[in-house]
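J.: The structure's right below; bear with me while I get my questions together.
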Amino acid sequence: MYSTSNPSTRDRPLLIQARVDLCPIKESAKILGKKWYLVIVHRLLDKPRGFNELKEAVGDISAKILSQALQDMAEKKILERRVSSESPVRVEYSLTEQGEDLAGTLRELYDWGKRWGLCKDRPMESEGTRFRTPEASPFTSPS
C-alpha cells in the first residue's frame, strides 16, 4: 500500500509497525494485575482449597467475583480446578507449577507490605481466617 496524500511519500510504502511491549513488569501485571489474584494465590500456597473455603480465606470477595477470578486464573495456568467424581461433587483449586513459582515474589511483597503498608501503625484485628497472624502465614518458618 502506498500513501498518496503527500508527494514526498508517494513512492514509499506505508509501514505500520505493531507495538509490542516486552517489559516483564507489564507482562506480569497483565497476568496478575487483577485485584484479588495475589490474595488468591497467597491463600492457595499452603494447601488446595474448595470454593467456599477459599472464599472464606480470601475475605471480602463476592462469590461471582471469586468465580470469575478462578476461571481466569485457570485459563492463565496459574491454578487448576479439579472436580471430584464422588457424591456430592467437590471442586478443589490448587496452584500449578506456574502459580507455585510466585511464592518467592509473594514473600517479597509480604515483607514489603509489613514494612511499608498503611496498616503498619494500626493494631491488627483478628477476624478468624480472614486475618492471618505471621505465625499462620505460609511465609514464616516454625520457631
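Simple scheme: letters A, B, ... for chains in C-alpha cells order, numbers from 1 for residues in each chain, numbers from 1 for ligands in the order shown.
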Please report, as a PyMOL selection string, each residue of segment 23-107 of chain A to which DSSP assigns helix (DSSP H, G or I) when run on this structure's backbone.
T.: chain A and resi 24-32+37-44+51-58+63-75+97-100+103-107
J.: Go through A:Leu79, A:Ile31, A:Leu45, A:Ile61 and flag the residue nearest Tyr93 of chain A, using only C-alpha atoms for the distances.
T.: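 Result for the nearest residue to Tyr93 of chain A: A:Leu79.
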J.: So which residues touch His42 of chain A within 10 Å, counting only C-alpha atoms, skipping near sequence neighbours fewer than 5 positions away, as a PDB file with C-alpha atoms, in the first residue's frame?
T.:
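What landed in around_31.pdb:
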```pdb
ATOM      1  CA  TRP A  36      -7.806 -10.442  44.090  1.00  0.00           C
ATOM      2  CA  TYR A  37      -5.313 -12.577  42.171  1.00  0.00           C
ATOM      3  CA  LYS A  47      -2.921 -26.106  50.561  1.00  0.00           C
ATOM      4  CA  ALA A  57      -9.892 -17.441  53.383  1.00  0.00           C
ATOM      5  CA  VAL A  58      -9.784 -14.575  50.863  1.00  0.00           C
ATOM      6  CA  LEU A  95      -1.714 -23.891  42.254  1.00  0.00           C
ATOM      7  CA  GLY A  99       1.406 -20.486  40.419  1.00  0.00           C
ATOM      8  CA  GLU A 100       3.778 -22.113  42.914  1.00  0.00           C
ATOM      9  CA  LEU A 102       5.060 -16.977  42.687  1.00  0.00           C
ATOM     10  CA  ALA A 103       5.873 -17.972  46.288  1.00  0.00           C
ATOM     11  CA  LEU A 106       4.744 -13.062  47.259  1.00  0.00           C
ATOM     12  CA  ARG A 107       7.222 -13.428  50.117  1.00  0.00           C
ATOM     13  CA  TYR A 110       4.530  -9.739  52.110  1.00  0.00           C
ATOM     14  CA  SER A 137       1.387 -17.332  57.134  1.00  0.00           C
ATOM     15  CA  PRO A 138       2.972 -19.794  54.726  1.00  0.00           C
ATOM     16  CA  PHE A 139       5.893 -17.336  54.615  1.00  0.00           C
TER      17      PHE A 139
END
```
J.: Rounded to one decimal place, report the atom CA of Arg82 of chain A-atom CA of Ile65 of chain A distance in Å.
T.: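 Distance reported for this atom pair: 19.1 Å.
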J.: Where in segment 48-117 of chain A does DSSP assign strand (DSSP E or B), given as a list of chain:residue names?
T.: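 Answer for segment 48-117 of chain A restricted to strand (DSSP E or B) is A:Arg49, A:Gly50, A:Leu79, A:Glu80, A:Arg81, A:Arg82, A:Val83, A:Val91, A:Glu92, A:Tyr93, A:Ser94, A:Leu95.
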J.: Take the residues that were just selected and, keeping C-alpha atoms, output them as a PDB file, in the first residue's frame.
T.:
```
ATOM      1  CA  ARG A  49      -8.991 -25.426  48.842  1.00  0.00           C
ATOM      2  CA  GLY A  50     -12.611 -25.834  47.877  1.00  0.00           C
ATOM      3  CA  LEU A  79      -4.154 -22.592  39.178  1.00  0.00           C
ATOM      4  CA  GLU A  80      -6.057 -25.698  38.297  1.00  0.00           C
ATOM      5  CA  ARG A  81      -9.614 -26.694  39.037  1.00  0.00           C
ATOM      6  CA  ARG A  82     -10.260 -30.335  39.930  1.00  0.00           C
ATOM      7  CA  VAL A  83     -13.723 -31.808  40.161  1.00  0.00           C
ATOM      8  CA  VAL A  91     -14.421 -28.747  43.322  1.00  0.00           C
ATOM      9  CA  GLU A  92     -10.911 -28.046  44.535  1.00  0.00           C
ATOM     10  CA  TYR A  93      -8.464 -25.383  43.455  1.00  0.00           C
ATOM     11  CA  SER A  94      -4.696 -25.735  43.654  1.00  0.00           C
ATOM     12  CA  LEU A  95      -1.714 -23.891  42.254  1.00  0.00           C
TER      13      LEU A  95
END
```
J.: When you count only C-alpha atoms, which of these residues is closest to Gln68 of chain A: A:Phe51, A:Val89, A:Gly104, A:Ser84?
T.: A:Phe51
